[in-house]
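Data from entry-v6.txt: compact mmCIF, C-alpha atoms
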```
# COMPACT_ATOMS: atom_id res chain seq x y z
CA MET K 1 -10.09 -30.54 -63.74
CA ALA K 2 -11.38 -34.12 -63.55
CA PHE K 3 -10.55 -34.19 -59.84
CA PHE K 4 -12.28 -30.84 -59.35
CA PHE K 5 -15.47 -31.97 -61.06
CA ASP K 6 -15.34 -35.26 -59.15
CA LEU K 7 -15.34 -33.34 -55.85
CA PHE K 8 -17.91 -30.86 -57.15
CA VAL K 9 -20.44 -33.46 -58.31
CA ASN K 10 -20.15 -35.64 -55.22
CA GLY K 11 -20.30 -32.52 -53.04
CA LEU K 12 -23.56 -31.50 -54.70
CA MET K 13 -25.07 -34.92 -54.07
CA ILE K 14 -24.04 -34.90 -50.41
CA GLY K 15 -25.31 -31.32 -50.15
CA SER K 16 -28.76 -32.45 -51.22
CA MET K 17 -28.83 -34.74 -48.19
CA TYR K 18 -27.86 -31.86 -45.93
CA ALA K 19 -30.73 -29.91 -47.50
CA LEU K 20 -33.16 -32.69 -46.59
CA VAL K 21 -31.99 -32.65 -42.97
CA ALA K 22 -32.12 -28.85 -42.93
CA LEU K 23 -35.74 -28.98 -44.01
CA GLY K 24 -36.61 -30.35 -40.56
CA PHE K 25 -34.92 -27.36 -38.91
CA VAL K 26 -36.70 -24.88 -41.16
CA LEU K 27 -40.15 -26.43 -40.82
CA ILE K 28 -40.12 -26.39 -37.03
CA TYR K 29 -38.59 -22.94 -36.74
CA LYS K 30 -40.93 -21.31 -39.25
CA ALA K 31 -44.08 -22.89 -37.83
CA THR K 32 -43.32 -22.76 -34.11
CA SER K 33 -40.38 -20.30 -33.75
CA VAL K 34 -38.45 -23.11 -32.00
CA VAL K 35 -34.87 -23.92 -32.97
CA ASN K 36 -34.73 -27.70 -32.78
CA PHE K 37 -31.22 -28.56 -31.57
CA ALA K 38 -32.21 -32.23 -31.51
CA GLN K 39 -32.71 -32.61 -35.28
CA GLY K 40 -29.33 -34.29 -35.69
CA GLU K 41 -30.19 -36.72 -32.92
CA LEU K 42 -33.49 -37.46 -34.66
CA VAL K 43 -31.48 -38.39 -37.76
CA MET K 44 -29.25 -40.61 -35.64
CA PHE K 45 -32.25 -42.22 -33.92
CA GLY K 46 -33.91 -42.92 -37.27
CA GLY K 47 -30.72 -44.55 -38.48
CA TYR K 48 -30.54 -46.76 -35.38
CA ILE K 49 -34.16 -47.84 -35.82
CA ALA K 50 -33.53 -48.66 -39.48
CA ALA K 51 -30.40 -50.66 -38.63
CA ALA K 52 -32.26 -52.56 -35.89
CA LEU K 53 -35.20 -53.40 -38.16
CA VAL K 54 -32.98 -54.65 -40.99
CA SER K 55 -30.03 -56.21 -39.16
CA LEU K 56 -31.46 -57.23 -35.76
CA TYR K 57 -35.05 -58.14 -36.60
CA HIS K 58 -34.23 -59.21 -40.19
CA LEU K 59 -37.19 -57.42 -41.73
CA PRO K 60 -37.11 -57.01 -45.51
CA LEU K 61 -36.38 -53.46 -46.63
CA ALA K 62 -39.86 -53.13 -48.16
CA VAL K 63 -41.36 -53.71 -44.69
CA ALA K 64 -38.70 -51.95 -42.61
CA LEU K 65 -38.99 -48.61 -44.43
CA PRO K 66 -42.76 -48.10 -43.86
CA VAL K 67 -42.33 -49.14 -40.21
CA LEU K 68 -39.45 -46.69 -39.82
CA LEU K 69 -41.34 -43.80 -41.44
CA GLY K 70 -44.45 -44.45 -39.34
CA THR K 71 -42.38 -44.67 -36.15
CA MET K 72 -40.53 -41.40 -36.79
CA VAL K 73 -43.71 -39.54 -37.75
CA GLY K 74 -45.35 -40.80 -34.55
CA LEU K 75 -42.28 -39.79 -32.56
CA GLY K 76 -42.55 -36.28 -33.98
CA PHE K 77 -46.17 -36.03 -32.85
CA VAL K 78 -45.27 -37.30 -29.36
CA LEU K 79 -42.41 -34.83 -28.98
CA GLU K 80 -44.59 -31.88 -29.96
CA ARG K 81 -47.57 -32.89 -27.82
CA GLY K 82 -45.73 -34.16 -24.77
CA VAL K 83 -42.56 -32.07 -24.57
CA LEU K 84 -42.78 -28.86 -26.60
CA ARG K 85 -46.44 -27.90 -26.23
CA PRO K 86 -46.20 -27.44 -22.43
CA MET K 87 -43.37 -24.97 -23.14
CA VAL K 88 -45.62 -22.58 -25.10
CA GLY K 89 -45.27 -19.08 -23.67
CA GLN K 90 -41.96 -19.80 -21.94
CA ALA K 91 -38.75 -17.89 -22.63
CA VAL K 92 -36.93 -18.80 -25.85
CA ILE K 93 -33.83 -19.91 -23.97
CA SER K 94 -35.97 -22.37 -21.96
CA VAL K 95 -37.27 -23.99 -25.14
CA VAL K 96 -33.74 -24.11 -26.58
CA MET K 97 -32.48 -25.89 -23.47
CA VAL K 98 -35.34 -28.39 -23.73
CA THR K 99 -34.36 -29.31 -27.30
CA ILE K 100 -30.70 -29.64 -26.22
CA GLY K 101 -31.88 -31.91 -23.42
CA LEU K 102 -33.86 -33.95 -25.93
CA ALA K 103 -30.70 -34.37 -27.98
CA GLN K 104 -28.89 -35.86 -24.99
CA VAL K 105 -31.84 -38.13 -24.21
CA PHE K 106 -31.83 -39.49 -27.77
CA GLN K 107 -28.09 -40.15 -27.64
CA GLY K 108 -28.35 -41.93 -24.31
CA ALA K 109 -31.43 -43.92 -25.35
CA ALA K 110 -29.80 -45.05 -28.59
CA ALA K 111 -26.66 -46.23 -26.78
CA MET K 112 -28.75 -47.99 -24.11
CA LEU K 113 -31.08 -49.73 -26.58
CA TRP K 114 -28.67 -50.70 -29.35
CA GLY K 115 -25.19 -50.17 -27.97
CA ALA K 116 -22.51 -47.67 -28.96
CA GLN K 117 -21.01 -49.80 -31.72
CA THR K 118 -21.36 -48.66 -35.30
CA LYS K 119 -24.34 -50.25 -37.04
CA ASN K 120 -24.57 -50.75 -40.79
CA ILE K 121 -27.68 -50.36 -42.93
CA PRO K 122 -27.24 -52.66 -45.94
CA LEU K 123 -28.98 -51.45 -49.05
CA PRO K 124 -29.32 -53.49 -52.26
CA ILE K 125 -27.06 -51.25 -54.34
CA PRO K 126 -23.64 -51.91 -55.89
CA LEU K 127 -20.44 -50.79 -54.16
CA GLU K 128 -18.38 -50.09 -57.25
CA PRO K 129 -18.53 -46.42 -58.33
CA TYR K 130 -19.90 -45.36 -61.68
CA VAL K 131 -17.39 -43.64 -63.98
CA ILE K 132 -18.96 -40.85 -66.05
CA TRP K 133 -16.54 -38.71 -68.07
CA GLU K 134 -13.71 -39.57 -65.66
CA ILE K 135 -15.92 -38.60 -62.71
CA TYR K 136 -16.32 -41.29 -60.06
CA VAL K 137 -19.87 -41.30 -58.70
CA SER K 138 -20.66 -43.41 -55.67
CA PRO K 139 -23.93 -45.36 -56.09
CA ILE K 140 -25.02 -44.54 -52.54
CA ASN K 141 -24.35 -40.83 -53.14
CA LEU K 142 -26.35 -40.96 -56.35
CA LEU K 143 -29.24 -42.81 -54.71
CA ALA K 144 -29.23 -40.41 -51.77
CA ALA K 145 -29.26 -37.39 -54.11
CA LEU K 146 -32.16 -38.81 -56.12
CA ILE K 147 -34.21 -39.62 -53.02
CA SER K 148 -33.44 -36.26 -51.42
CA GLY K 149 -34.35 -34.45 -54.64
CA ALA K 150 -37.60 -36.37 -54.93
CA PHE K 151 -38.58 -35.52 -51.34
CA LEU K 152 -37.67 -31.86 -51.77
CA VAL K 153 -39.80 -31.65 -54.92
CA ALA K 154 -42.66 -33.42 -53.12
CA PHE K 155 -42.42 -31.02 -50.19
CA ALA K 156 -42.32 -28.03 -52.55
CA TRP K 157 -45.54 -29.25 -54.17
CA PHE K 158 -47.06 -29.91 -50.74
CA PHE K 159 -46.38 -26.40 -49.48
CA ARG K 160 -47.53 -24.68 -52.68
CA ARG K 161 -50.51 -26.77 -53.78
CA SER K 162 -52.01 -28.70 -50.89
CA ARG K 163 -54.49 -27.22 -48.45
CA MET K 164 -52.48 -28.21 -45.39
CA GLY K 165 -49.23 -26.98 -46.91
CA ILE K 166 -50.74 -23.55 -47.58
CA ALA K 167 -52.06 -23.54 -44.02
CA MET K 168 -48.55 -24.24 -42.73
CA ARG K 169 -47.20 -21.34 -44.78
CA ALA K 170 -49.90 -19.10 -43.35
CA VAL K 171 -49.00 -20.09 -39.80
CA ALA K 172 -45.33 -19.46 -40.54
CA ASN K 173 -46.18 -15.98 -41.80
CA ASP K 174 -48.59 -14.91 -39.03
CA GLN K 175 -49.92 -17.29 -36.39
CA GLN K 176 -52.60 -14.93 -35.08
CA ALA K 177 -53.96 -14.16 -38.55
CA ALA K 178 -53.97 -17.87 -39.42
CA MET K 179 -55.91 -18.64 -36.25
CA ALA K 180 -58.38 -15.84 -37.05
CA VAL K 181 -59.30 -17.45 -40.39
CA GLY K 182 -59.91 -20.86 -38.80
CA ILE K 183 -56.59 -22.64 -39.28
CA ASN K 184 -55.83 -25.18 -36.56
CA VAL K 185 -52.46 -23.82 -35.45
CA ARG K 186 -51.86 -26.63 -32.95
CA LEU K 187 -52.33 -29.21 -35.69
CA VAL K 188 -49.83 -27.34 -37.85
CA PHE K 189 -47.32 -27.37 -34.99
CA ALA K 190 -47.72 -31.13 -34.58
CA LEU K 191 -47.52 -31.72 -38.33
CA SER K 192 -44.30 -29.73 -38.60
CA TRP K 193 -42.67 -32.01 -36.02
CA ALA K 194 -44.07 -35.09 -37.78
CA ILE K 195 -42.56 -33.98 -41.09
CA ALA K 196 -39.27 -33.27 -39.30
CA GLY K 197 -39.38 -36.87 -38.06
CA LEU K 198 -40.03 -38.06 -41.61
CA THR K 199 -37.04 -36.17 -43.04
CA ALA K 200 -34.91 -37.43 -40.13
CA ALA K 201 -35.88 -41.02 -40.98
CA ILE K 202 -34.83 -40.66 -44.62
CA GLY K 203 -31.66 -38.86 -43.62
CA GLY K 204 -30.84 -41.54 -41.07
CA VAL K 205 -31.13 -44.31 -43.66
CA MET K 206 -29.04 -42.46 -46.24
CA TRP K 207 -26.30 -41.28 -43.89
CA GLY K 208 -26.33 -44.60 -42.03
CA SER K 209 -25.78 -46.56 -45.23
CA MET K 210 -22.88 -44.25 -46.15
CA LEU K 211 -21.11 -43.84 -42.81
CA GLY K 212 -22.69 -46.40 -40.52
CA VAL K 213 -24.88 -45.47 -37.57
CA ASP K 214 -23.35 -44.39 -34.29
CA THR K 215 -23.78 -41.51 -31.85
CA GLN K 216 -21.46 -39.34 -33.97
CA LEU K 217 -24.09 -39.39 -36.73
CA ALA K 218 -25.96 -36.79 -34.69
CA LEU K 219 -23.33 -34.23 -35.73
CA ILE K 220 -24.85 -34.35 -39.23
CA GLY K 221 -27.61 -32.12 -37.95
CA LEU K 222 -25.09 -29.48 -36.92
CA LYS K 223 -23.52 -29.26 -40.38
CA VAL K 224 -26.42 -27.69 -42.20
CA PHE K 225 -25.39 -24.19 -41.16
CA PRO K 226 -23.55 -21.74 -43.41
CA ALA K 227 -20.40 -23.05 -45.03
CA VAL K 228 -18.53 -19.92 -43.96
CA ILE K 229 -18.89 -21.01 -40.33
CA LEU K 230 -18.47 -24.71 -40.95
CA GLY K 231 -15.42 -24.26 -43.14
CA GLY K 232 -13.31 -23.79 -40.03
CA LEU K 233 -15.46 -25.75 -37.63
CA ASP K 234 -13.78 -29.09 -38.26
CA SER K 235 -10.28 -27.66 -37.82
CA VAL K 236 -10.89 -25.55 -34.70
CA PRO K 237 -11.07 -28.51 -32.25
CA GLY K 238 -7.64 -29.65 -33.40
CA TYR K 239 -6.12 -26.39 -32.19
CA VAL K 240 -8.23 -25.87 -29.07
CA ASP K 241 -8.54 -29.43 -27.68
CA PRO K 242 -4.93 -29.65 -26.37
CA TYR K 243 -5.58 -26.60 -24.16
CA VAL K 244 -8.99 -27.60 -22.79
CA GLY K 245 -8.63 -31.36 -22.56
CA GLY K 246 -10.70 -32.27 -25.65
CA GLY K 247 -14.40 -32.38 -26.41
CA THR K 248 -14.56 -29.02 -28.20
CA LYS K 249 -16.44 -30.44 -31.19
CA ASP K 250 -19.28 -31.56 -28.90
CA PHE K 251 -20.26 -28.05 -27.79
CA LEU K 252 -18.73 -25.65 -30.34
CA PRO K 253 -21.59 -26.01 -32.87
CA TYR K 254 -24.14 -25.14 -30.18
CA VAL K 255 -22.14 -22.06 -29.17
CA LEU K 256 -21.96 -20.87 -32.77
CA MET K 257 -25.68 -21.38 -33.33
CA ILE K 258 -26.63 -19.56 -30.13
CA LEU K 259 -24.33 -16.67 -31.09
CA ALA K 260 -25.91 -16.54 -34.55
CA LEU K 261 -29.39 -16.40 -33.00
CA MET K 262 -28.31 -13.64 -30.64
CA ILE K 263 -26.65 -11.54 -33.34
CA ARG K 264 -28.86 -12.27 -36.35
CA PRO K 265 -32.13 -13.78 -35.03
CA TYR K 266 -33.91 -13.00 -38.32
CA GLY K 267 -31.28 -14.79 -40.42
CA PHE K 268 -28.25 -13.57 -42.28
CA PHE K 269 -30.38 -12.14 -45.10
CA GLY K 270 -33.72 -11.76 -43.31
CA ARG K 271 -35.47 -8.53 -42.51
CA GLU K 272 -36.13 -7.46 -38.95
CA ILE K 273 -39.80 -7.68 -37.99
CA ILE K 274 -41.06 -4.67 -36.03
CA GLU K 275 -44.35 -5.06 -34.18
CA ARG K 276 -46.45 -2.45 -32.42
CA VAL K 277 -47.36 -3.27 -28.84
```
Would you kindly transcribe this structure into structure tokens?
Amino acid sequence: MAFFFDLFVNGLMIGSMYALVALGFVLIYKATSVVNFAQGELVMFGGYIAAALVSLYHLPLAVALPVLLGTMVGLGFVLERGVLRPMVGQAVISVVMVTIGLAQVFQGAAAMLWGAQTKNIPLPIPLEPYVIWEIYVSPINLLAALISGAFLVAFAWFFRRSRMGIAMRAVANDQQAAMAVGINVRLVFALSWAIAGLTAAIGGVMWGSMLGVDTQLALIGLKVFPAVILGGLDSVPGYVDPYVGGGTKDFLPYVLMILALMIRPYGFFGREIIERV
């Protein structure tokens, strides 16, 4: 039982970090109806920037974090204004392919700028686990869970209480109605990408401090989908790779997500929206 609770507690803490990364997916999809396949690469890119600021440029953490957050928020604005906004009105598959292309650009840019070697993000926290009722709790897992929980609570307050948050919810519900009452829909689109960049920055620091930062960190963004699918996702490449020459794990998550969008575009528990034309 102690081993079970040890796995359960640490799994909950890691799950809170997945939830933070997933928030970027949800924000962009609800506000703009775009599935951002590059969210995992945004997490990876944020981790690389954090590692460069701390390890390469030797900035103190108190300075590096604000610089990182500002950079990722600005990157979100640039992506929405320069890449996604010209795609408004295009077919959904075209926008999906653009985000997949962005993912490859981020991976290539990270390797070109900082190399493919694993980078560490040192945080001033102890390495020895805490022992609570025979449950071993990693300090980095605990810190990540606390930070993720704090951000999720802050976002919940933002969307329920702030003027801009309510505007974003209105746009997610009905873009035309929101525009009719004077809400700046374009600003909401840009803000959703900026917040996605913010969550990616926090996720990059947390995951980078746990696992180290490399191009494989981008796969974190693909693991926020239902556990039923992901339960077998890690084992499938082991069976399929010998027959196809390897590399299955690089494209299998995209195939599963596209199939899910084709079969259940309104979500597994969502209701189909019927519009009169």
Practice task
Write out as a list in words which residues come within 10 Å of K:Met206 when counting all atoms listed in the file, dropping same-chain ones fewer than 3 positions away.
Solution key: Ile14, Met17, Val43, Gly47, Ile121, Leu123, Ile140, Asn141, Leu143, Ala144, Ala145, Ile147, Ser148, Ala200, Ala201, Ile202, Gly203, Ser209, Met210, Leu211 and Gly212 of chain K
Handout entry: Atomic separation - atom CA of K:Val73 relative to atom CA of K:Gln104, Å
Key =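 These two atoms are separated by 19.9 Å.
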Polymer residues at most 7 Å from K:Ile135, all atoms listed in the file, same-chain spacing of 2 or more positions, as a short mmCIF file (atom, residue, chain, number, x, y, z; two decimals) with C-alpha atoms, in the coordinates of the input:
```cif
data_model
loop_
_atom_site.label_atom_id
_atom_site.label_comp_id
_atom_site.auth_asym_id
_atom_site.auth_seq_id
_atom_site.Cartn_x
_atom_site.Cartn_y
_atom_site.Cartn_z
CA ALA K 2 -11.38 -34.12 -63.55
CA PHE K 5 -15.47 -31.97 -61.06
CA ASP K 6 -15.34 -35.26 -59.15
CA VAL K 131 -17.39 -43.64 -63.98
CA ILE K 132 -18.96 -40.85 -66.05
CA TRP K 133 -16.54 -38.71 -68.07
CA VAL K 137 -19.87 -41.30 -58.70
#
```
Practice task
Measuring atom to atom with all atoms listed in the file, identify which of K:Phe25, K:Phe106, K:Trp207, K:Trp114 is nearest to K:Ile195.
Solution key: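 Nearest to K:Ile195: K:Phe25.
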Fill in the blank from the handout: One residue among K:Leu23, K:Ile166, K:Val34, K:Ala190 is nearest to K:Leu75 when using all atoms listed in the file, and that residue is K:Ala190
Practice task
Find, counting only C-alpha atoms, the residue in K:Leu152, K:Val35, K:Met44, K:Met97 that gets nearest to K:Asp214.
Solution key: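 Residue with the minimum atom-to-atom distance to K:Asp214: K:Met44.
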Completion exercise
Using only C-alpha atoms, the shortest atom-to-atom distance to K:Leu59 among K:Ala167, K:Val26, K:Pro122, K:Arg161 belongs to K:Pro122
Exercise for the section: For each of K:Phe45, K:Phe37, K:Tyr57, K:Phe151, take the minimum atom-to-atom distance to K:Val205, counting only C-alpha atoms, then give the residue where this is smallest. Expected result: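 For K:Val205, the nearest of the candidates is K:Phe45.
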Exercise for the section: To one decimal in Å, tell me the separation between atom CA of K:Val153 and atom CA of K:Gln176. Expected result: 28.9 Å
Stretch 82-97 of chain K: axis-aligned bounding box, 8 Å on each side, centre and edge lengths in Å, one decimal, as AutoDock Vina command-line options:
```
--center_x -39.5 --center_y -26.0 --center_z -24.3 --size_x 30.0 --size_y 32.3 --size_z 20.7
```
Handout entry: Which of K:Gly197, K:Pro86, K:Gly182, K:Pro129 sits closest to K:Gly74 [using all atoms listed in the file]
Key = K:Gly197
Exercise for the section: Go ahead and compute the interatomic distance for atom CA of K:Thr32 and atom CA of K:Phe189, in Å to one decimal. Expected result: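 One can read the atom CA of K:Thr32 to atom CA of K:Phe189 distance as 6.2 Å.
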Exercise for the section: Find the spatial neighbours of K:Leu27, counting only C-alpha atoms, within a cut-off of 9 Å - ignore same-chain residues fewer than 3 positions away - and output them as an MDAnalysis selection string. Expected result: chainID K and resid 22:24 30:32 168 172 192:193 195:196
